[in-house]
Every structure is written in C-alpha cells, then in structure tokens.
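Contents: one structure, followed by commentary.
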Amino acid sequence: MPKDLSKIAKQKKINYFLISFVDLFGVLRSKLVPSQAIKEMQKNGAGFAGFATWLDMTPADADMFAIPDPDSLVQLPWKKEVGWLASDLWMNGKPVEASPRVMLKKQISQLAKNNMTLKSGVECEYFLINPEGTAIADSKDIQSKPCYDQSALMRQYDLIKEICNSMITLGWDPYQNDHEDANGQFEMNWNYTDSLGTADRHVFFKFMVKSIAEKHGLRATFMPKPFENLTGNGCHAHISLWSGKNNLFLDRGDKLGLSKLAYNFLGGILNSAEALSAFFNPSINSYRRIDAPVTASGATWSPSKISYTGNNRTHMIRVPDPGRFELRLMDGSANPYLLQAGIIAAGIDGINNKRDPGQPLFINMYTDGDNYPNIKKLPPDLESALEHLGKNDVLINSFGEKNINSYLKLKEQELKDFNSKENFSKKDPITDWEKSNTLDC
Ligand SMILES: [Mg+2]
C-alpha cells in the first residue's frame with residue numbers, strides 16, 4: 001500500500017503540499033496544493049500545461065499531470081506546514097517519456113533486470129553571493145587560497161548550521177561542511193544512497209540551500225562559473241554498483257581496488273564522455289569551468305581531458321578508494337535526474353560491450369597533460385557537446401531518439417537565443433545572458 005498523504009498531512013500537521021517536477025533544463029516547478037485536496041492529487045496528479053515548461057510540447061498538447069511519489073515526501077524543515085513531493089509526469093494516461101525523472105527510472109529498471117542498483121553521492125558546490133548577484137556575500141573572504149578557511153566558514157555558521165540541521169532532521173546523514181576553493185564557495189556532504197534517492201535529494205538540496213540563503217538575506221548560486229577568476233561549482237558524483245549487499249565494483253586484489261565490471265562501467269563513461277557533457281555540463285556557462293585557465297587559488301579542480309587515475313584530482317575520473325570512483329565532470333547546472341541517468345546508460349553500455357578504459361594515468365594532468373596529445377579533450381562549448389550527443393548511438397538507443405531530439409531541439413533554441421545577443425569566449429568576461437539565465441540554475 002502506498003503511503004496515504006492525506007493521513008500523513010493530519011499526523012504531521014502539513015497544511016500544503018508542493019507537487020513538483022523538474023523539466024529537461026532542470027528547472028524545479030510545482031503547484032502548491034492544500035492538504036484537503038491531496039487525496040485526489042495523489043491519485044490523479046496535479047495538472048500542468050507542459051508547453052509552458054522546458055519540455056518539448058506545444059500549446060495543442062493535452063494537460064500533463066504530475067503524480068507525486070509519496071516516498072519522496074519531505075516536510076520543509078524551515079516551514080514545517082509545507083510538504084514537498086517529487087512527481088512523475090503523465091499525459092493521456094501514459095508516462096511522459098521525455099521527463100527527466102521518468103528517464104532515470106527507465107535506466108534504473110534496465111539495471112534492475114540484472115539485479116543491480118547504482119548507489120551514488122553528489123557533492124554540490126555553491127557560492128553565497130549578494131542578492132543582486134554581483135559579488136560574493138562576504139567582503140572579508142579574500143584569501144588567495146581560501147579552501148577550508150575556518151574564519152570564512154564560521155562567518156556563515158548560522159546559515160550553514162540551519163542547512164546541516166535540516167539534513168539531520170531529514171535523515172540524510174550529513175557528515176561535513178566546508179569552505180571550498182573559491183572565495184564565497186561552500187560544500188556540504190551527506191551520505192550516498194540509491195540513484196533515484198540521491199537525485200530527489202539533489203533537487204531538494206538546491207531548493208533548500210537557495211531558500212535558507214534567502215531567509216538569511218543572501219543568495220546561493222550553483223552556476224558552474226559565476227566568477228572568471230575563481231574556481232567553479234562542480235557537482236562530483238561518487239558511484240558504485242551493487243547487487244543486494246554486494247558492492248560489484250570492489251576487488252581488493254586489484255591495484256585500484258576495482259573489479260573488471262567496474263573498469264568496464266568506467267570504460268563506458270570514458271567512451272561516451274563527450275556526449276555525456278551535454279547532460280553533465282548543460283549550460284553555456286558550463287564550458288568556462290571545463291579546461292579553464294588557472295584560477296586565483298592555483299587550480300581549477302575541473303577536468304580538461306577524458307582520462308582516469310588513482311587518488312589524483314586532476315583527471316576526469318578519480319579512484320579515491322577501493323570499490324568506487326568519482327566522476328568530476330558534472331557541474332552545478334546539471335539536471336539531477338539526467339546526471340544519474342547518463343551515468344547508468346553509459347555504464348551499462350560499458351558492461352555490455354566490455355569497454356576497456358585502458359591503463360590509468362598517474363600524472364598531474366594540469367601540468368603534464370599536454371605531453372599526452374592522444375588523450376581526447378572535453379568539448380570546448382555547449383554547441384560541440386550537443387553535436388556529440390546527436391551522434392552518440394549509446395545514449396540515443398538508451399534514451400530513445402525522440403527524447404534525445406527533444407533535448408537537442410530545446411538546447412539548440414537556447415544557443416540560438418544566446419548567439420543572437422552574445423559571443424561565447426572563455427577569454428571574455430562572463431556575459432549578462434549567462435548571469436541572468438544561469439545564476440539561479
Ligand atoms: Mg568540492
């Protein structure tokens with residue numbers, strides 16, 4: 001029996017529910033529904049005009065319904081009378097194939113056929129900035145190497161504590177908070193779980209950080225590169241594949257502690273990395289973070305080429321510990337569902353086609369990468385990433401040609417709009433278009 005939201009509303013004193021979904025561009029949308037109406041909404045969903053969101057629809061399309069997943073319920077820690085729900089989109093009695101949460105669930109079911117589950121954790125970096133978005137919030141945060149700066153961290157204690165306490169209340173098992181490598185930048189870590197659970201939490205985390213920052217008179221941004229001279233906002237993912245309680249990626253006899261299956265999965269990701277950039281680095285601004293010039297702190301912490309290594313942060317994939325690896329390609333604008341779905345799709349291809357990732361490379365990629373001209377570079381801009389996606393049979397077959405075409409069509413429209421107003425060059429300052437369209441990503 002699914003949870004009865006109407007009953008839960010009475011028990012937990014929830015007066016309103018946010019029935020929410022994320023569109024292809026990762027925008028979180030919702031309807032605020034009074035608890036008296038939740039019984040009907042739980043069954044039939046909340047109605048939306050799909051065309052009004054970033055889904056490839058027209059005004060002639062029928063109503064789209066967001067049917068909430070009761071297992072995703074979160075009582076807003078900072079506004080307890082409101083319950084938040086992630087939803088799956090339906091239209092004409094069928095799931096909307098091109099909705100990100102449905103796309104992820106399809107990938108999860110592919111893995112489940114072989115009794116496998118992807119577990120992952122994400123590291124969402126963000127900046128605290130002024131409400132206008134013109135500068136970092138803390139004018140005293142000016143160290144040239146600000147990473148782990150205790151004083152700058154503690155000046156934001158009230159805000160950070162409120163977010164961390166919220167995660168404790170929600171049972172996410174947060175375990176550390178720090179000031180990151182850029183002035184004004186922070187990261188908060190909570191425990192990993194199955195990929196759908198992590199994707200829902202990732203969506204909620206961004207909403208929560210922005211909301212609580214606003215409450216404290218500030219603005220939080222996950223924009224990949226809000227300031228040219230500072231390290232950008234990554235969203236690294238740590239991943240492992242499980243069958244019940246068995247970590248299928250673990251092999252203690254291997255030099256990096258990875259199984260053959262893990263190497264094949266990793267090989268699948270390397271093989272499709274350029275196309276995956278279209279999901280992992282979906283904004284025009286994303287490409288200021290990848291292969292970026294050296295920052296004020298001395299390193300960008302983001303990859304430039306498609307390579308993997310051991311415990312070394314200069315590559316796209318790092319193996320920090322036996323039994324898992326870290327993908328460092330994604331940034332703060334990645335759609336949480338497409339992020340997880342892309343990993344699974346490329347990983348399954350790696351397993352099915354026994355993709356060989358080659359030998360790990362134990363070099364400092366930032367200083368010595370140019371000595372390895374055969375290693376492929378990541379796409380230089382969104383246009384190039386979209387071209388790769390349009391040619392990548394692995395992702396096209398896995399997500400369906402129609403869904404990929406919808407994504408490409410909308411992203412190409414966005415590029416067209418940008419190109420009619422601005423020019424993209426990593427050498428030039430960040431454009432107003434990027435700021436107005438990505439600061440709240
Ligand atoms: Mg970090």
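Starting from 1 in every chain, residues are counted up; chains themselves are A, B, ... following the order of the structure tokens, and ligands are numbered from 1 as listed.
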Which chain A residues have any atom within 12 Å of an atom of ligand 1, and for each, what is the nearest pair of atoms with distance in Å to one decimal, counting only C-alpha atoms and all ligand atoms, rows sorted by chain and number, as a tab-separated table?
residue	atom	partner	partner_atom_place_in_ligand_line	distance
A:Val122	CA	ligand 1	1 (Mg)	9.8
A:Glu123	CA	ligand 1	1 (Mg)	6.3
A:Cys124	CA	ligand 1	1 (Mg)	7.4
A:Glu125	CA	ligand 1	1 (Mg)	6.1
A:Tyr126	CA	ligand 1	1 (Mg)	9.4
A:Phe127	CA	ligand 1	1 (Mg)	11.8
A:Cys147	CA	ligand 1	1 (Mg)	9.6
A:Tyr148	CA	ligand 1	1 (Mg)	10.6
A:Gln176	CA	ligand 1	1 (Mg)	11.6
A:Asn177	CA	ligand 1	1 (Mg)	10.3
A:Asp178	CA	ligand 1	1 (Mg)	8.9
A:His179	CA	ligand 1	1 (Mg)	9.1
A:Glu180	CA	ligand 1	1 (Mg)	6.2
A:Asp181	CA	ligand 1	1 (Mg)	7.6
A:Ala182	CA	ligand 1	1 (Mg)	10.0
A:Gln185	CA	ligand 1	1 (Mg)	9.3
A:Phe186	CA	ligand 1	1 (Mg)	8.0
A:Glu187	CA	ligand 1	1 (Mg)	6.2
A:Met188	CA	ligand 1	1 (Mg)	8.8
A:Asn189	CA	ligand 1	1 (Mg)	9.3
A:Thr231	CA	ligand 1	1 (Mg)	9.9
A:Gly232	CA	ligand 1	1 (Mg)	9.7
A:Asn233	CA	ligand 1	1 (Mg)	8.0
A:Gly234	CA	ligand 1	1 (Mg)	6.7
A:Cys235	CA	ligand 1	1 (Mg)	7.6
A:His236	CA	ligand 1	1 (Mg)	7.3
A:Ala237	CA	ligand 1	1 (Mg)	10.3
A:His238	CA	ligand 1	1 (Mg)	11.8
A:Thr300	CA	ligand 1	1 (Mg)	10.9
A:Trp301	CA	ligand 1	1 (Mg)	8.2
A:Ser302	CA	ligand 1	1 (Mg)	9.9
A:Arg313	CA	ligand 1	1 (Mg)	10.3
A:Glu326	CA	ligand 1	1 (Mg)	11.4
A:Leu327	CA	ligand 1	1 (Mg)	11.8
A:Arg328	CA	ligand 1	1 (Mg)	9.4
A:Leu329	CA	ligand 1	1 (Mg)	11.9
A:Met330	CA	ligand 1	1 (Mg)	11.4
A:Asp331	CA	ligand 1	1 (Mg)	10.6
A:Gly332	CA	ligand 1	1 (Mg)	11.1
Identify, on the basis of only C-alpha atoms, every residue whose closest approach to A:Phe424 does not exceed 10 Å; exclude the query and any residue fewer than 6 positions from it along the same chain; express the result as a PyMOL selection string.
-> chain A and resi 284-285+287-288+381-382+418+430-431+434
Of the listed residues A:Leu32, A:Met91, A:Leu85, A:Leu389, that which approaches A:Pro68 most closely, counting only C-alpha atoms = A:Leu85
Closest contacts (stretch 67-141 of chain A/stretch 197-220 of chain A, max 8 Å, only C-alpha atoms) as CSV:
residue,atom,partner,partner_atom,distance
A:Ser72,CA,A:Asp200,CA,7.1
A:Trp78,CA,A:Ile212,CA,7.6
A:Ala86,CA,A:Asp200,CA,6.8
A:Ser120,CA,A:Thr198,CA,6.7
A:Gly121,CA,A:Thr198,CA,6.4
A:Val122,CA,A:His202,CA,7.4
A:Cys124,CA,A:His202,CA,7.9
A:Tyr126,CA,A:Ala220,CA,6.5
A:Phe127,CA,A:Ala220,CA,5.6
A:Leu128,CA,A:Ala220,CA,4.7
A:Ile129,CA,A:Arg219,CA,5.2
A:Asn130,CA,A:Leu218,CA,5.4
A:Pro131,CA,A:Arg219,CA,5.1
A:Gly133,CA,A:Arg219,CA,7.3
A:Ala137,CA,A:Leu218,CA,6.9
For those residues, write N, CA and C atoms to a file as a short mmCIF file (atom, residue, chain, number, x, y, z; two decimals), in the first residue's frame.
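Result file is out_11.cif:
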data_model
loop_
_atom_site.label_atom_id
_atom_site.label_comp_id
_atom_site.auth_asym_id
_atom_site.auth_seq_id
_atom_site.Cartn_x
_atom_site.Cartn_y
_atom_site.Cartn_z
N SER A 72 8.89 10.17 -1.67
CA SER A 72 9.83 11.30 -1.76
C SER A 72 9.46 12.44 -0.80
N TRP A 78 12.34 24.28 7.24
CA TRP A 78 12.25 25.71 7.60
C TRP A 78 10.82 26.23 7.48
N ALA A 86 8.37 14.93 -4.95
CA ALA A 86 8.82 14.75 -6.33
C ALA A 86 7.74 13.97 -7.07
N SER A 120 24.93 6.26 -5.37
CA SER A 120 25.76 7.42 -5.66
C SER A 120 25.57 8.51 -4.61
N GLY A 121 26.58 9.34 -4.55
CA GLY A 121 26.50 10.54 -3.71
C GLY A 121 26.96 11.71 -4.55
N VAL A 122 26.40 12.89 -4.32
CA VAL A 122 26.82 14.06 -5.10
C VAL A 122 27.39 15.13 -4.17
N CYS A 124 27.59 18.91 -4.09
CA CYS A 124 27.08 20.12 -4.74
C CYS A 124 27.77 21.36 -4.19
N TYR A 126 28.50 25.40 -4.04
CA TYR A 126 27.70 26.60 -4.32
C TYR A 126 28.40 27.84 -3.75
N PHE A 127 28.04 28.99 -4.28
CA PHE A 127 28.55 30.26 -3.77
C PHE A 127 27.45 30.96 -2.97
N LEU A 128 27.84 31.66 -1.94
CA LEU A 128 26.92 32.59 -1.27
C LEU A 128 27.27 33.98 -1.79
N ILE A 129 26.29 34.61 -2.43
CA ILE A 129 26.52 35.90 -3.07
C ILE A 129 25.50 36.93 -2.56
N ASN A 130 25.69 38.18 -2.98
CA ASN A 130 24.71 39.19 -2.57
C ASN A 130 23.41 38.99 -3.38
N PRO A 131 22.29 39.54 -2.91
CA PRO A 131 21.02 39.29 -3.61
C PRO A 131 21.04 39.76 -5.07
N GLY A 133 23.52 39.47 -7.06
CA GLY A 133 24.32 38.53 -7.85
C GLY A 133 25.58 39.14 -8.42
N ALA A 137 29.10 37.20 -1.01
CA ALA A 137 28.39 37.85 0.09
C ALA A 137 29.34 38.39 1.16
#
Can you check which parts of stretch 110-160 of chain A lie within 12 Å of stretch 248-269 of chain A? Per residue, the shortest pair of atoms and distance in Å to one decimal, counting only C-alpha atoms, sorted by chain and number, as a Markdown table.
| residue | atom | partner | partner_atom | distance |
| --- | --- | --- | --- | --- |
| A:Asn114 | CA | A:Leu248 | CA | 11.9 |
| A:Asn115 | CA | A:Leu248 | CA | 11.0 |
| A:Met116 | CA | A:Leu248 | CA | 8.6 |
| A:Thr117 | CA | A:Leu248 | CA | 9.7 |
| A:Leu118 | CA | A:Leu248 | CA | 9.9 |
| A:Lys119 | CA | A:Phe249 | CA | 10.9 |
Hey, can you spit out that residue selection with N, CA and C atoms as a PDB file, in the first residue's frame?
ATOM      1  N   ASN A 114      19.193  -6.981 -14.269  1.00  0.00           N
ATOM      2  CA  ASN A 114      20.344  -7.801 -13.895  1.00  0.00           C
ATOM      3  C   ASN A 114      20.609  -7.745 -12.396  1.00  0.00           C
ATOM      4  N   ASN A 115      19.543  -7.398 -11.666  1.00  0.00           N
ATOM      5  CA  ASN A 115      19.632  -7.374 -10.205  1.00  0.00           C
ATOM      6  C   ASN A 115      20.717  -6.400  -9.703  1.00  0.00           C
ATOM      7  N   MET A 116      20.887  -5.291 -10.394  1.00  0.00           N
ATOM      8  CA  MET A 116      21.908  -4.326 -10.000  1.00  0.00           C
ATOM      9  C   MET A 116      21.280  -2.971  -9.645  1.00  0.00           C
ATOM     10  N   THR A 117      21.920  -2.278  -8.717  1.00  0.00           N
ATOM     11  CA  THR A 117      21.474  -0.943  -8.289  1.00  0.00           C
ATOM     12  C   THR A 117      22.681  -0.010  -8.288  1.00  0.00           C
ATOM     13  N   LEU A 118      22.509   1.192  -8.824  1.00  0.00           N
ATOM     14  CA  LEU A 118      23.591   2.179  -8.735  1.00  0.00           C
ATOM     15  C   LEU A 118      23.421   2.966  -7.450  1.00  0.00           C
ATOM     16  N   LYS A 119      24.494   3.024  -6.664  1.00  0.00           N
ATOM     17  CA  LYS A 119      24.469   3.903  -5.485  1.00  0.00           C
ATOM     18  C   LYS A 119      25.383   5.073  -5.776  1.00  0.00           C
TER      19      LYS A 119
END
Run DSSP on the backbone and give me the residues of stretch 275-381 of chain A it puts in helix (DSSP H, G or I), as an MDAnalysis selection string.
-> chainID A and resid 275:280 284:288 336:352 365:371
Point-to-point distance from atom CA of A:Thr314 to atom CA of A:Arg289, Å rounded to tenths =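 Atom CA of A:Arg289 lies at a distance of 13.4 Å from atom CA of A:Thr314.
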Between A:Gly244, A:Gly298, A:Pro2, A:Pro429, single out the one closest to A:Lys225, counting only C-alpha atoms.
->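 Smallest separation from A:Lys225 among the options: A:Pro429.
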Which residue, A:Ser304, A:Ser6, A:Asn405, A:Ser398, has the smallest gap to A:Ile343 when you use only C-alpha atoms?
->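 The closest residue to A:Ile343 is A:Ser398.
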Proximity to A:Met57 - best of A:Tyr407, A:Asp88, A:Ala385, A:Val74, only C-alpha atoms =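 Closest to A:Met57, using only C-alpha atoms: A:Tyr407.
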Got a sec: who's within 12 Å of A:Gln11, counting only C-alpha atoms, leaving out chain neighbours fewer than 6 positions off, as a PyMOL selection string?
-> chain A and resi 4-5+35+75+81
Counting only C-alpha atoms, closest pick from A:Cys441, A:Ile19, A:Ala334, A:Leu241 relative to A:Asp69 is A:Ile19
Polymer residues at most 10 Å from A:Lys140, only C-alpha atoms, same-chain spacing of 5 or more positions, as a list in words | Ser151, Ala152, Arg155, Asn183 and Gly184 of chain A
Residues as selected, N, CA and C atoms, written as a PDB file, in the first residue's frame, can you do that?
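Output saved as part.pdb:
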ATOM      1  N   SER A 151      37.711  30.830   9.415  1.00  0.00           N
ATOM      2  CA  SER A 151      37.014  32.068   9.780  1.00  0.00           C
ATOM      3  C   SER A 151      35.896  32.378   8.796  1.00  0.00           C
ATOM      4  N   ALA A 152      36.185  32.189   7.496  1.00  0.00           N
ATOM      5  CA  ALA A 152      35.147  32.457   6.489  1.00  0.00           C
ATOM      6  C   ALA A 152      33.988  31.470   6.635  1.00  0.00           C
ATOM      7  N   ARG A 155      31.929  32.589   9.696  1.00  0.00           N
ATOM      8  CA  ARG A 155      31.118  33.800   9.488  1.00  0.00           C
ATOM      9  C   ARG A 155      29.759  33.441   8.885  1.00  0.00           C
ATOM     10  N   ASN A 183      36.692  31.917  -3.137  1.00  0.00           N
ATOM     11  CA  ASN A 183      36.126  32.845  -2.145  1.00  0.00           C
ATOM     12  C   ASN A 183      34.608  32.770  -2.265  1.00  0.00           C
ATOM     13  N   GLY A 184      33.953  32.651  -1.132  1.00  0.00           N
ATOM     14  CA  GLY A 184      32.495  32.622  -1.140  1.00  0.00           C
ATOM     15  C   GLY A 184      31.881  31.274  -1.459  1.00  0.00           C
TER      16      GLY A 184
END
Any idea what's packed within 9 Å of A:Ile363, counting only C-alpha atoms, ignoring anything in its chain fewer than 5 positions away? Could you give it as a list in words?
->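 In the requested format, the answer is Thr309, Asn312, Thr314, His315, Asp368 and Gly369 of chain A.
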Residues from last step as file, N, CA and C atoms, as a compact mmCIF listing (two decimals), in the first residue's frame:
# COMPACT_ATOMS: atom_id res chain seq x y z
N THR A 309 42.38 7.98 -13.27
CA THR A 309 43.59 7.85 -12.48
C THR A 309 43.26 7.25 -11.12
N ASN A 312 43.90 11.21 -7.46
CA ASN A 312 44.55 12.37 -8.08
C ASN A 312 43.44 13.22 -8.68
N THR A 314 43.32 15.70 -10.71
CA THR A 314 43.49 16.46 -11.95
C THR A 314 42.86 15.76 -13.16
N HIS A 315 42.21 14.61 -12.92
CA HIS A 315 41.62 13.85 -14.03
C HIS A 315 40.09 13.86 -13.97
N ASP A 368 51.11 18.31 -16.92
CA ASP A 368 51.75 17.41 -17.88
C ASP A 368 50.81 16.84 -18.94
N GLY A 369 49.56 17.28 -18.91
CA GLY A 369 48.57 16.75 -19.85
C GLY A 369 48.95 16.95 -21.32
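Checking A:Ser406, A:Ser277, A:Thr367, A:Ser384 one by one against A:Ala346, counting only C-alpha atoms, you find the shortest gap at A:Ser277.
Straight-line separation from atom CA of A:Pro77 to atom CA of A:Ser166: 5.5 Å.
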